[in-house]
$ cat input-v8.tsv   # TSV, C-alpha atoms
chain	number	residue	atom	x	y	z
A	299	MET	CA	-10.52	-18.54	-8.50
A	300	GLN	CA	-9.85	-18.85	-12.21
A	301	LEU	CA	-10.21	-15.47	-13.93
A	302	ASP	CA	-11.56	-15.32	-17.45
A	303	ASP	CA	-11.33	-12.45	-19.94
A	304	ARG	CA	-14.59	-10.93	-18.72
A	305	ASP	CA	-13.33	-10.91	-15.11
A	306	ARG	CA	-10.13	-9.23	-16.27
A	307	ARG	CA	-12.10	-6.55	-18.11
A	308	ILE	CA	-14.26	-5.96	-15.03
A	309	LEU	CA	-11.15	-5.60	-12.87
A	310	GLY	CA	-9.53	-3.25	-15.38
A	311	HIS	CA	-12.56	-0.94	-15.39
A	312	LEU	CA	-12.95	-0.99	-11.60
A	313	GLN	CA	-9.29	-0.12	-11.08
A	314	GLN	CA	-9.66	2.87	-13.36
A	315	ASP	CA	-12.92	4.03	-11.79
A	316	ALA	CA	-14.28	2.20	-8.74
A	317	ARG	CA	-17.24	4.59	-8.66
A	318	MET	CA	-18.48	3.40	-12.06
A	319	SER	CA	-22.13	2.46	-11.78
A	320	ASN	CA	-23.14	-1.18	-12.01
A	321	ALA	CA	-25.16	-0.42	-15.16
A	322	ASP	CA	-22.24	1.38	-16.87
A	323	LEU	CA	-19.82	-1.36	-15.95
A	324	ALA	CA	-22.21	-4.04	-17.19
A	325	GLU	CA	-22.55	-2.23	-20.50
A	326	ALA	CA	-18.76	-1.78	-20.80
A	327	VAL	CA	-18.11	-5.52	-20.42
A	328	GLY	CA	-21.21	-6.72	-22.27
A	329	MET	CA	-23.21	-8.28	-19.42
A	330	SER	CA	-26.57	-7.77	-17.78
A	331	ALA	CA	-26.48	-5.66	-14.63
A	332	SER	CA	-27.58	-8.57	-12.41
A	333	ALA	CA	-24.99	-10.98	-13.88
A	334	LEU	CA	-22.30	-8.33	-13.43
A	335	TRP	CA	-23.30	-7.73	-9.82
A	336	ARG	CA	-22.99	-11.48	-9.10
A	337	ARG	CA	-19.59	-11.60	-10.85
A	338	VAL	CA	-18.25	-8.62	-8.88
A	339	ARG	CA	-19.56	-10.14	-5.64
A	340	ALA	CA	-17.76	-13.42	-6.50
A	341	LEU	CA	-14.53	-11.48	-7.12
A	342	GLU	CA	-14.95	-9.79	-3.74
A	343	ASP	CA	-15.75	-13.05	-1.93
A	344	ALA	CA	-12.72	-14.75	-3.50
A	345	GLY	CA	-10.45	-11.94	-2.30
A	346	VAL	CA	-9.52	-10.83	-5.81
A	347	ILE	CA	-11.05	-7.43	-5.04
A	348	GLU	CA	-9.68	-6.54	-1.61
A	349	ARG	CA	-11.30	-3.13	-1.13
A	350	TYR	CA	-12.46	0.05	-2.81
A	351	GLY	CA	-11.03	3.47	-2.11
A	352	ALA	CA	-10.02	6.91	-3.26
A	353	VAL	CA	-6.54	7.86	-4.42
A	354	VAL	CA	-5.55	10.93	-2.42
A	355	ASN	CA	-2.81	13.41	-3.34
A	356	PRO	CA	-0.40	13.45	-0.35
A	357	ALA	CA	0.69	17.07	-0.98
A	358	ALA	CA	-2.95	18.19	-0.88
A	359	MET	CA	-3.09	16.65	2.61
A	360	GLY	CA	0.01	18.55	3.74
A	361	LEU	CA	2.31	15.52	3.43
A	362	ASP	CA	5.16	17.01	1.42
A	363	PHE	CA	8.00	14.76	2.66
A	364	HIS	CA	8.15	11.31	1.07
A	365	ALA	CA	10.84	8.75	1.88
A	366	ILE	CA	11.72	5.12	1.36
A	367	VAL	CA	13.35	3.77	4.52
A	368	HIS	CA	15.53	0.65	4.45
A	369	VAL	CA	15.41	-0.90	7.93
A	370	HIS	CA	18.01	-3.32	9.30
A	371	LEU	CA	17.03	-5.39	12.32
A	372	THR	CA	19.33	-6.28	15.23
A	373	ARG	CA	18.40	-9.94	14.96
A	374	HIS	CA	15.26	-11.83	14.19
A	375	ASP	CA	13.99	-12.34	17.74
A	376	PRO	CA	10.32	-13.36	17.31
A	377	ASP	CA	9.04	-11.10	20.12
A	378	LYS	CA	10.98	-8.06	18.92
A	379	LEU	CA	9.93	-8.73	15.36
A	380	SER	CA	6.26	-8.95	16.37
A	381	ASP	CA	6.59	-5.66	18.26
A	382	PHE	CA	8.23	-4.03	15.22
A	383	ILE	CA	5.48	-5.21	12.86
A	384	ARG	CA	2.72	-4.14	15.24
A	385	ALA	CA	4.27	-0.69	15.75
A	386	VAL	CA	4.79	-0.12	12.03
A	387	ASN	CA	1.19	-1.13	11.31
A	388	LEU	CA	-0.08	1.35	13.90
A	389	ASN	CA	2.04	4.32	12.79
A	390	PRO	CA	0.02	6.57	10.44
A	391	LEU	CA	3.14	7.96	8.72
A	392	VAL	CA	4.05	4.49	7.42
A	393	GLN	CA	2.10	4.00	4.22
A	394	GLU	CA	3.56	0.65	3.22
A	395	CYS	CA	5.95	-1.90	4.69
A	396	TYR	CA	7.63	-4.77	2.85
A	397	ALA	CA	9.77	-7.62	4.16
A	398	THR	CA	12.35	-8.18	1.44
A	399	THR	CA	15.46	-10.03	0.46
A	400	GLY	CA	18.75	-8.16	0.14
A	401	GLN	CA	20.69	-5.99	2.55
A	402	ALA	CA	17.74	-4.43	4.37
A	403	ASP	CA	15.19	-6.54	6.21
A	404	TYR	CA	12.24	-4.18	5.70
A	405	HIS	CA	11.41	-1.27	3.42
A	406	LEU	CA	8.97	1.40	4.57
A	407	ARG	CA	7.28	4.06	2.49
A	408	VAL	CA	6.80	7.04	4.78
A	409	LEU	CA	4.85	10.27	4.26
A	410	ALA	CA	5.36	13.18	6.66
A	411	PRO	CA	4.49	16.88	6.63
A	412	ASP	CA	8.15	17.96	6.45
A	413	LEU	CA	11.74	17.03	7.26
A	414	GLU	CA	11.31	17.99	10.92
A	415	ALA	CA	8.33	15.65	11.31
A	416	TYR	CA	10.26	12.89	9.57
A	417	ASN	CA	13.19	13.39	11.94
A	418	ARG	CA	10.77	13.03	14.88
A	419	PHE	CA	9.48	9.82	13.27
A	420	LEU	CA	13.03	8.46	13.25
A	421	GLU	CA	14.07	9.62	16.73
A	422	GLU	CA	10.84	9.14	18.65
A	423	PHE	CA	9.51	6.08	16.88
A	424	LEU	CA	11.70	4.01	14.59
A	425	PHE	CA	15.00	4.15	16.51
A	426	ARG	CA	13.21	3.37	19.78
A	427	LEU	CA	12.00	0.01	18.52
A	428	PRO	CA	14.27	-2.67	20.06
A	429	ALA	CA	14.39	-4.71	16.84
A	430	VAL	CA	15.81	-1.83	14.77
A	431	ALA	CA	19.59	-1.75	14.38
A	432	SER	CA	19.76	0.96	11.73
A	433	ALA	CA	17.89	2.62	8.91
A	434	GLN	CA	18.85	4.28	5.67
A	435	THR	CA	16.60	6.92	4.16
A	436	ASN	CA	16.11	7.64	0.50
A	437	VAL	CA	14.18	10.88	0.01
A	438	VAL	CA	11.74	10.78	-2.89
A	439	LEU	CA	12.47	13.79	-5.08
A	440	ARG	CA	9.75	13.20	-7.64
A	441	THR	CA	7.07	10.57	-8.18
A	442	LEU	CA	7.10	9.21	-11.70
A	443	LYS	CA	4.54	6.46	-11.35
A	444	ARG	CA	2.16	5.51	-8.56
A	445	ASP	CA	-1.04	3.60	-7.95
A	446	GLU	CA	-0.91	1.79	-11.26
A	447	PRO	CA	-3.68	-0.75	-11.77
A	448	VAL	CA	-2.75	-4.40	-11.41
A	449	LEU	CA	-2.81	-5.83	-14.89
A	450	PRO	CA	-5.66	-8.30	-14.98

$ encode --input "input-v8.tsv" --output "structure tokens"
Amino acid sequence: MQLDDRDRRILGHLQQDARMSNADLAEAVGMSASALWRRVRALEDAGVIERYGAVVNPAAMGLDFHAIVHVHLTRHDPDKLSDFIRAVNLNPLVQECYATTGQADYHLRVLAPDLEAYNRFLEEFLFRLPAVASAQTNVVLRTLKRDEPVLP
């Protein structure tokens, strides 16, 4: 889908406030409410807008331990790799997982209640996955930037 300036403005507003009413959004981008609704629906259908949601403060949910985990695999056996990916996707402590270039094969962003819970995550989950050779943890001391809108 080719995005024009109006689409980019719509996306910018929705990323700042997804609860903005259709009428307010239409006014903000200079469209009729019905034309805006069709445009937003087209952005959804094209996969440009993947979903809507709330940004939740992890500490308010009791998740005070935040880490970036660099995972090294034993080897890239397709079955073990599939099991690793499936397990990571099912684990609620893993917020994000990226396959990357560089020394580590995967990078996980993990939120846990505390260091003890994170240690259980490592011992009872991550290190029990056959594909995992090792992992290095970087503890997040302070978040400087998060959940920034994608620049349209």

$ residues_around --input "input-v8.tsv" --residues "Ala331 (chain A)" --least-positions-apart "6" --cutoff "8 Å" --atoms "only C-alpha atoms" --output "list in words"
Asn320, Ala321, Ala324 and Glu325 of chain A

$ residues_around --input "input-v8.tsv" --residues "Leu312 (chain A)" --least-positions-apart "6" --cutoff "10 Å" --atoms "only C-alpha atoms" --output "short mmCIF file (atom, residue, chain, number, x, y, z; two decimals) with C-alpha atoms, in the coordinates of the input"
data_model
loop_
_atom_site.label_atom_id
_atom_site.label_comp_id
_atom_site.auth_asym_id
_atom_site.auth_seq_id
_atom_site.Cartn_x
_atom_site.Cartn_y
_atom_site.Cartn_z
CA ARG A 306 -10.13 -9.23 -16.27
CA MET A 318 -18.48 3.40 -12.06
CA SER A 319 -22.13 2.46 -11.78
CA LEU A 323 -19.82 -1.36 -15.95
CA VAL A 338 -18.25 -8.62 -8.88
CA ILE A 347 -11.05 -7.43 -5.04
CA TYR A 350 -12.46 0.05 -2.81
CA PRO A 447 -3.68 -0.75 -11.77
#

$ closest_residue --input "input-v8.tsv" --among "A:Arg407, A:Ala429, A:Val346, A:Thr398" --to "Ser380 (chain A)" --atoms "only C-alpha atoms"
A:Ala429

$ residues_around --input "input-v8.tsv" --residues "Asp445 (chain A)" --least-positions-apart "5" --cutoff "12 Å" --atoms "only C-alpha atoms" --output "PyMOL selection string"
chain A and resi 313-314+351-355

$ write_last_selection --input "input-v8.tsv" --atoms "C-alpha atoms" --output "compact mmCIF listing (two decimals), in the coordinates of the input"
# COMPACT_ATOMS: atom_id res chain seq x y z
CA GLN A 313 -9.29 -0.12 -11.08
CA GLN A 314 -9.66 2.87 -13.36
CA GLY A 351 -11.03 3.47 -2.11
CA ALA A 352 -10.02 6.91 -3.26
CA VAL A 353 -6.54 7.86 -4.42
CA VAL A 354 -5.55 10.93 -2.42
CA ASN A 355 -2.81 13.41 -3.34

$ atom_distance --input "input-v8.tsv" --atom1 "CA of Gly360 (chain A)" --atom2 "CA of Ser432 (chain A)"
27.6 Å

$ build_atoms --input "input-v8.tsv" --residues "region 420-431 of chain A" --atoms "N, CA, C and O atoms" --output "JSON list (two decimals), keeping the file's coordinate frame"
[["chain", "number", "residue", "atom", "x", "y", "z"],
["A", 420, "LEU", "N", 11.83, 9.29, 13.04],
["A", 420, "LEU", "CA", 13.03, 8.46, 13.25],
["A", 420, "LEU", "C", 13.41, 8.40, 14.73],
["A", 420, "LEU", "O", 13.57, 7.31, 15.29],
["A", 421, "GLU", "N", 13.56, 9.56, 15.36],
["A", 421, "GLU", "CA", 14.07, 9.62, 16.73],
["A", 421, "GLU", "C", 13.08, 9.12, 17.78],
["A", 421, "GLU", "O", 13.47, 8.45, 18.73],
["A", 422, "GLU", "N", 11.83, 9.46, 17.61],
["A", 422, "GLU", "CA", 10.84, 9.14, 18.65],
["A", 422, "GLU", "C", 10.10, 7.84, 18.39],
["A", 422, "GLU", "O", 9.42, 7.33, 19.29],
["A", 423, "PHE", "N", 10.22, 7.31, 17.19],
["A", 423, "PHE", "CA", 9.51, 6.08, 16.88],
["A", 423, "PHE", "C", 10.45, 4.97, 16.41],
["A", 423, "PHE", "O", 10.68, 4.00, 17.13],
["A", 424, "LEU", "N", 10.98, 5.11, 15.22],
["A", 424, "LEU", "CA", 11.70, 4.01, 14.59],
["A", 424, "LEU", "C", 12.92, 3.56, 15.39],
["A", 424, "LEU", "O", 13.10, 2.38, 15.67],
["A", 425, "PHE", "N", 13.77, 4.52, 15.81],
["A", 425, "PHE", "CA", 15.00, 4.15, 16.51],
["A", 425, "PHE", "C", 14.76, 3.70, 17.95],
["A", 425, "PHE", "O", 15.67, 3.23, 18.61],
["A", 426, "ARG", "N", 13.54, 3.85, 18.43],
["A", 426, "ARG", "CA", 13.21, 3.37, 19.78],
["A", 426, "ARG", "C", 12.68, 1.94, 19.78],
["A", 426, "ARG", "O", 12.49, 1.36, 20.84],
["A", 427, "LEU", "N", 12.46, 1.39, 18.60],
["A", 427, "LEU", "CA", 12.00, 0.01, 18.52],
["A", 427, "LEU", "C", 13.19, -0.92, 18.74],
["A", 427, "LEU", "O", 14.20, -0.82, 18.04],
["A", 428, "PRO", "N", 13.12, -1.82, 19.72],
["A", 428, "PRO", "CA", 14.27, -2.67, 20.06],
["A", 428, "PRO", "C", 14.80, -3.52, 18.89],
["A", 428, "PRO", "O", 15.98, -3.83, 18.86],
["A", 429, "ALA", "N", 13.96, -3.87, 17.95],
["A", 429, "ALA", "CA", 14.39, -4.71, 16.84],
["A", 429, "ALA", "C", 15.22, -3.95, 15.80],
["A", 429, "ALA", "O", 15.93, -4.56, 15.01],
["A", 430, "VAL", "N", 15.16, -2.62, 15.81],
["A", 430, "VAL", "CA", 15.81, -1.83, 14.77],
["A", 430, "VAL", "C", 17.27, -1.57, 15.11],
["A", 430, "VAL", "O", 17.58, -0.97, 16.14],
["A", 431, "ALA", "N", 18.15, -2.01, 14.22],
["A", 431, "ALA", "CA", 19.59, -1.75, 14.38],
["A", 431, "ALA", "C", 19.97, -0.45, 13.70],
["A", 431, "ALA", "O", 20.71, 0.36, 14.24]]
